[in-house]
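A.B. asks: My structure is below; once you've seen it, I'll send some questions.
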Amino acid sequence: LLTNPECREVHVFGSADPEWGERIVACIVGDKNQAKALIETAQTLPPFARPKDYLFVTKIPLDDRGKFDRRTAEKLLRG
């Protein structure tokens, strides 16, 4: 995903999925208007490695230790 110039930063994580147990989510700092181009970039990955969901943010959510904040990302993903 970072090969696309519209994607400034990305964090990929696993999110709970009732059917499969877990699914791949890409949390992207980038222009949401370029979502189609970013998703097309992901299509170059093998099917098992492609994100199933995309979360566009202005900055990657971090906790107070500077690590990726999965809980905040999950809340943003669920709306």
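Here, A, B, ... name the chains of the structure tokens in the order displayed, residue numbers run from 1 inside each chain, and ligands are numbered from 1 in the same displayed order.
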In segment 16-66 of chain A, what's helix (DSSP H, G or I) per DSSP? Answer as a ChimeraX atom specification?
C.D. replies: /A:32-42,47-49
A.B. asks: Within 7 Å of segment 28-33 of chain A, counting only C-alpha atoms, which residues show up once you throw out same-chain ones fewer than 2 positions away? Write them as a list of chain:residue names, please.
C.D. replies: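 What passes the distance filter is A:Glu6, A:Cys7, A:Arg8, A:Glu9, A:Val10, A:His11, A:Ala26, A:Ala35, A:Leu55, A:Phe56, A:Val57, A:Thr58, A:Lys59, A:Ile60.
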A.B. asks: If we count only C-alpha atoms and set the cut-off at 9 Å, which residues sit around Leu38 of chain A, ignoring sequence neighbours fewer than 2 positions away in its own chain? Please answer as a ChimeraX atom specification.
C.D. replies: /A:1,4,6-7,34-36,40-43
A.B. asks: Please produce an output containing N, CA and C atoms for each residue in the selection, written as an mmCIF file, in the first residue's frame.
C.D. replies:
```cif
data_model
loop_
_atom_site.group_PDB
_atom_site.id
_atom_site.type_symbol
_atom_site.label_atom_id
_atom_site.label_comp_id
_atom_site.auth_asym_id
_atom_site.auth_seq_id
_atom_site.Cartn_x
_atom_site.Cartn_y
_atom_site.Cartn_z
ATOM 1 N N LEU A 1 0.815 -1.205 0.000
ATOM 2 C CA LEU A 1 0.000 0.000 0.000
ATOM 3 C C LEU A 1 0.852 1.259 0.000
ATOM 4 N N ASN A 4 1.810 3.313 -3.173
ATOM 5 C CA ASN A 4 0.915 4.318 -3.735
ATOM 6 C C ASN A 4 1.231 5.663 -3.083
ATOM 7 N N GLU A 6 -0.460 8.231 -2.647
ATOM 8 C CA GLU A 6 -1.574 8.792 -1.872
ATOM 9 C C GLU A 6 -1.622 8.238 -0.450
ATOM 10 N N CYS A 7 -0.887 7.166 -0.210
ATOM 11 C CA CYS A 7 -0.861 6.533 1.103
ATOM 12 C C CYS A 7 0.373 7.035 1.851
ATOM 13 N N GLN A 34 -9.024 9.196 -2.701
ATOM 14 C CA GLN A 34 -8.206 8.303 -3.521
ATOM 15 C C GLN A 34 -8.388 6.838 -3.110
ATOM 16 N N ALA A 35 -9.453 6.556 -2.380
ATOM 17 C CA ALA A 35 -9.684 5.203 -1.866
ATOM 18 C C ALA A 35 -9.660 4.158 -2.968
ATOM 19 N N LYS A 36 -10.290 4.451 -4.087
ATOM 20 C CA LYS A 36 -10.337 3.476 -5.180
ATOM 21 C C LYS A 36 -8.923 3.110 -5.635
ATOM 22 N N GLU A 40 -7.139 -0.521 -5.310
ATOM 23 C CA GLU A 40 -6.577 -1.173 -6.498
ATOM 24 C C GLU A 40 -5.123 -1.571 -6.262
ATOM 25 N N THR A 41 -4.378 -0.738 -5.538
ATOM 26 C CA THR A 41 -2.997 -1.082 -5.192
ATOM 27 C C THR A 41 -2.976 -2.360 -4.355
ATOM 28 N N ALA A 42 -3.916 -2.487 -3.428
ATOM 29 C CA ALA A 42 -3.978 -3.676 -2.572
ATOM 30 C C ALA A 42 -4.277 -4.936 -3.376
ATOM 31 N N GLN A 43 -4.909 -4.787 -4.524
ATOM 32 C CA GLN A 43 -5.247 -5.952 -5.348
ATOM 33 C C GLN A 43 -3.995 -6.638 -5.899
#
```
A.B. asks: With DSSP run on the backbone, what are the strand (DSSP E) residues within chain A? I'd like them as an MDAnalysis selection string.
C.D. replies: chainID A and resid 7:17 21:30 53:57
A.B. asks: Could you check how far atom CA of Phe13 of chain A sits from atom CA of Pro51 of chain A, in Å to one decimal?
C.D. replies: 9.0 Å
A.B. asks: When you look at Thr72 of chain A with a cut-off of 9 Å (counting only C-alpha atoms), what residues show up, excluding the ones that are within fewer than 5 positions of it in the same chain? I need them as an mmCIF file with N, CA and C atoms, in the first residue's frame.
C.D. replies:
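Below is the file that was written, around-v8.cif:
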```cif
data_model
loop_
_atom_site.group_PDB
_atom_site.id
_atom_site.type_symbol
_atom_site.label_atom_id
_atom_site.label_comp_id
_atom_site.auth_asym_id
_atom_site.auth_seq_id
_atom_site.Cartn_x
_atom_site.Cartn_y
_atom_site.Cartn_z
ATOM 1 N N PRO A 61 -4.013 6.049 15.035
ATOM 2 C CA PRO A 61 -4.275 6.151 16.472
ATOM 3 C C PRO A 61 -3.172 5.468 17.283
ATOM 4 N N LEU A 62 -2.636 6.208 18.230
ATOM 5 C CA LEU A 62 -1.574 5.696 19.101
ATOM 6 C C LEU A 62 -2.008 5.810 20.550
ATOM 7 N N ASP A 63 -1.508 4.911 21.395
ATOM 8 C CA ASP A 63 -1.798 5.011 22.817
ATOM 9 C C ASP A 63 -0.778 5.940 23.477
ATOM 10 N N LEU A 77 -13.542 2.082 13.168
ATOM 11 C CA LEU A 77 -13.982 1.169 12.115
ATOM 12 C C LEU A 77 -15.477 0.874 12.237
#
```
A.B. asks: Go through A:Ala49, A:Leu2, A:Ala73, A:Ile39 one by one, measure the shortest atom-to-atom distance of each to Cys27 of chain A using only C-alpha atoms, and give the residue with the smallest value.
C.D. replies: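 Closest to Cys27 of chain A of all the choices is A:Ala73.
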